[in-house]
Amino acid sequence: MRQDVALIIAAFAAFTVAGAECSAQEAAQGVAAAMTVDTGSGRFIPELDPSVVTSGMLEAHPDLAGRQRGMDALLDGRAEDALRHFRRGAYYGDKPSQAMLGERHWSGRGAPADRVDGYLWMFLAAERGYHQFQVWAQLYWEQLDAAERARVAERGPALRAEYGDAATGPRLATVLRRERRRGTGSMLDASGQGATITAYDGTRPIAIDGRRFYAKENVDPTAYREVQDRVWTAPVRGRVDVGEAEKVGKPKEPTP
């Protein structure tokens with residue numbers, strides 16, 4: 001698994017730390033701004049080894065595919081496509097995708113402005129206890145008026161029934177198990193060594209170590225969730241750059 005996930009987590013954390021002091025609009029914009037961090041191959045997907053991130057891998061992980069393609073569409077200015085991809089990622093339980101849906105609806109940028117939907121999506125994104133999403137969900141809630149909170153109670157159960165972990169977990173597990181069956185028996189060659197498989201990035205074939213492509217954390221539902229939880233709850237370490245020490249002269253006496 002990648003070790004540089006802090007590049008993305010730190011971007012989220014920048015607004016998480018400021019959450020109590022910034023406005024709801026600033027916090028909403030922060031979700032989108034944070035997700036534009038480009039970390040090279042497999043950007044926006046810190047859960048996977050970048051060497052195995054191909055179109056084939058994304059097809060086997062519709063949650064991550066929704067997130068990646070949603071961000072690509074967003075950066076290309078294709079707001080409607082972005083929403084469609086994020087919704088697909090959300091359908092398979094991707095919390096960053098759900099957070100992006102929350103941000104889009106809360107801010108009204110690229111989606112119909114609806115603060116109730118914005119809060120509900122962000123609430124779902126925070127379902128696993130990922131701190132950065134919990135902060136935004138709480139911030140959104142504090143901005144809702146009584147009528148909006150009543151609508152949350154009306155709409156919430158149906159959205160959670162379809163997009164909450166109780167529904168999305170088994171849905172994604174079915175896809176991952178299917179992929180695991182596909183890899184069984186194909187990771188070792190006749191000599192018992194790791195086999196090289198051919199994956200495709202679009203139409204371009206790429207040779208990848210099968211053991212890495214079909215690693216347990218990529219295809220086992222429990223291990224896969226553990227990796228996600230580890231990534232999105234990783235502690236964020238800030239850094240302060242201090243310049244060279246300068247000699248300061250004696251301050252002047254104040255003028256009467």
# chains A, B, ... in the order shown; residues from 1 in each chain; ligands from 1
>>> residues_around(residues="Gly110 (chain A)", least_positions_apart="5", cutoff="12 Å", atoms="only C-alpha atoms", output="list in words")
Gln29, Ala32, Gly70, Ala73, Leu74, Leu75, Gly77, Arg78, Ala79, Glu80, Asp81, Ala82, Leu83, Arg84, Met100, Leu101, Gly102, Glu103, Arg104 and His105 of chain A
>>> residues_around(residues="region 113-122 of chain A", least_positions_apart="2", cutoff="7 Å", atoms="only C-alpha atoms", output="list in words")
Gln98, Ala99, Leu101, Gly102, Glu103, His105, Trp106, Ser107, Gly108, Ala111, Leu124, Ala125, Ala126, Phe133, Ala137, Tyr140, Trp141, Glu148, Arg151, Val152 and Gly156 of chain A
>>> closest_residue(among="A:Phe213, A:Tyr224, A:Phe123, A:Phe86", to="Gly164 (chain A)", atoms="only C-alpha atoms")
A:Phe123
>>> residues_around(residues="Arg178 (chain A)", least_positions_apart="5", cutoff="12 Å", atoms="only C-alpha atoms", output="list in words")
Glu59, Ala60, His61, Arg171, Leu172, Ala173, Gly183, Thr184, Tyr214, Asn218, Val219, Asp220 and Pro221 of chain A
>>> select_by_dssp(residues="region 45-228 of chain A", states="strand (DSSP E)", output="list of chain:residue names")
A:Thr196, A:Ile197, A:Thr198, A:Ala199, A:Tyr200, A:Asp201, A:Arg204, A:Pro205, A:Ile206, A:Ala207, A:Ile208, A:Asp209
>>> write_last_selection(atoms="N, CA, C and O atoms", output="PDB file, in the first residue's frame")
ATOM      1  N   THR A 196       3.108 -13.115 -14.187  1.00  0.00           N
ATOM      2  CA  THR A 196       2.847 -11.774 -14.679  1.00  0.00           C
ATOM      3  C   THR A 196       1.557 -11.809 -15.475  1.00  0.00           C
ATOM      4  O   THR A 196       1.389 -12.625 -16.372  1.00  0.00           O
ATOM      5  N   ILE A 197       0.623 -10.946 -15.123  1.00  0.00           N
ATOM      6  CA  ILE A 197      -0.634 -10.889 -15.847  1.00  0.00           C
ATOM      7  C   ILE A 197      -0.643  -9.651 -16.729  1.00  0.00           C
ATOM      8  O   ILE A 197       0.160  -8.728 -16.558  1.00  0.00           O
ATOM      9  N   THR A 198      -1.531  -9.647 -17.686  1.00  0.00           N
ATOM     10  CA  THR A 198      -1.684  -8.495 -18.562  1.00  0.00           C
ATOM     11  C   THR A 198      -2.963  -7.773 -18.187  1.00  0.00           C
ATOM     12  O   THR A 198      -4.055  -8.326 -18.306  1.00  0.00           O
ATOM     13  N   ALA A 199      -2.808  -6.574 -17.678  1.00  0.00           N
ATOM     14  CA  ALA A 199      -3.955  -5.730 -17.365  1.00  0.00           C
ATOM     15  C   ALA A 199      -4.030  -4.647 -18.432  1.00  0.00           C
ATOM     16  O   ALA A 199      -3.079  -4.408 -19.175  1.00  0.00           O
ATOM     17  N   TYR A 200      -5.162  -4.003 -18.511  1.00  0.00           N
ATOM     18  CA  TYR A 200      -5.345  -2.986 -19.542  1.00  0.00           C
ATOM     19  C   TYR A 200      -5.680  -1.644 -18.920  1.00  0.00           C
ATOM     20  O   TYR A 200      -6.507  -1.539 -18.012  1.00  0.00           O
ATOM     21  N   ASP A 201      -4.992  -0.630 -19.427  1.00  0.00           N
ATOM     22  CA  ASP A 201      -5.305   0.741 -19.082  1.00  0.00           C
ATOM     23  C   ASP A 201      -5.944   1.338 -20.324  1.00  0.00           C
ATOM     24  O   ASP A 201      -5.259   1.819 -21.224  1.00  0.00           O
ATOM     25  N   ARG A 204      -4.482  -0.050 -23.714  1.00  0.00           N
ATOM     26  CA  ARG A 204      -3.045  -0.281 -23.633  1.00  0.00           C
ATOM     27  C   ARG A 204      -2.740  -1.407 -22.651  1.00  0.00           C
ATOM     28  O   ARG A 204      -3.065  -1.318 -21.473  1.00  0.00           O
ATOM     29  N   PRO A 205      -2.105  -2.508 -23.113  1.00  0.00           N
ATOM     30  CA  PRO A 205      -1.776  -3.612 -22.208  1.00  0.00           C
ATOM     31  C   PRO A 205      -0.606  -3.256 -21.302  1.00  0.00           C
ATOM     32  O   PRO A 205       0.348  -2.601 -21.719  1.00  0.00           O
ATOM     33  N   ILE A 206      -0.692  -3.674 -20.043  1.00  0.00           N
ATOM     34  CA  ILE A 206       0.354  -3.418 -19.058  1.00  0.00           C
ATOM     35  C   ILE A 206       0.652  -4.719 -18.327  1.00  0.00           C
ATOM     36  O   ILE A 206      -0.261  -5.419 -17.884  1.00  0.00           O
ATOM     37  N   ALA A 207       1.933  -5.052 -18.208  1.00  0.00           N
ATOM     38  CA  ALA A 207       2.341  -6.258 -17.485  1.00  0.00           C
ATOM     39  C   ALA A 207       2.436  -5.928 -15.992  1.00  0.00           C
ATOM     40  O   ALA A 207       3.120  -4.982 -15.600  1.00  0.00           O
ATOM     41  N   ILE A 208       1.753  -6.703 -15.164  1.00  0.00           N
ATOM     42  CA  ILE A 208       1.706  -6.470 -13.721  1.00  0.00           C
ATOM     43  C   ILE A 208       1.903  -7.799 -12.994  1.00  0.00           C
ATOM     44  O   ILE A 208       1.407  -8.838 -13.427  1.00  0.00           O
ATOM     45  N   ASP A 209       2.614  -7.752 -11.899  1.00  0.00           N
ATOM     46  CA  ASP A 209       2.766  -8.923 -11.036  1.00  0.00           C
ATOM     47  C   ASP A 209       1.388  -9.321 -10.507  1.00  0.00           C
ATOM     48  O   ASP A 209       0.731  -8.544  -9.811  1.00  0.00           O
TER      49      ASP A 209
END
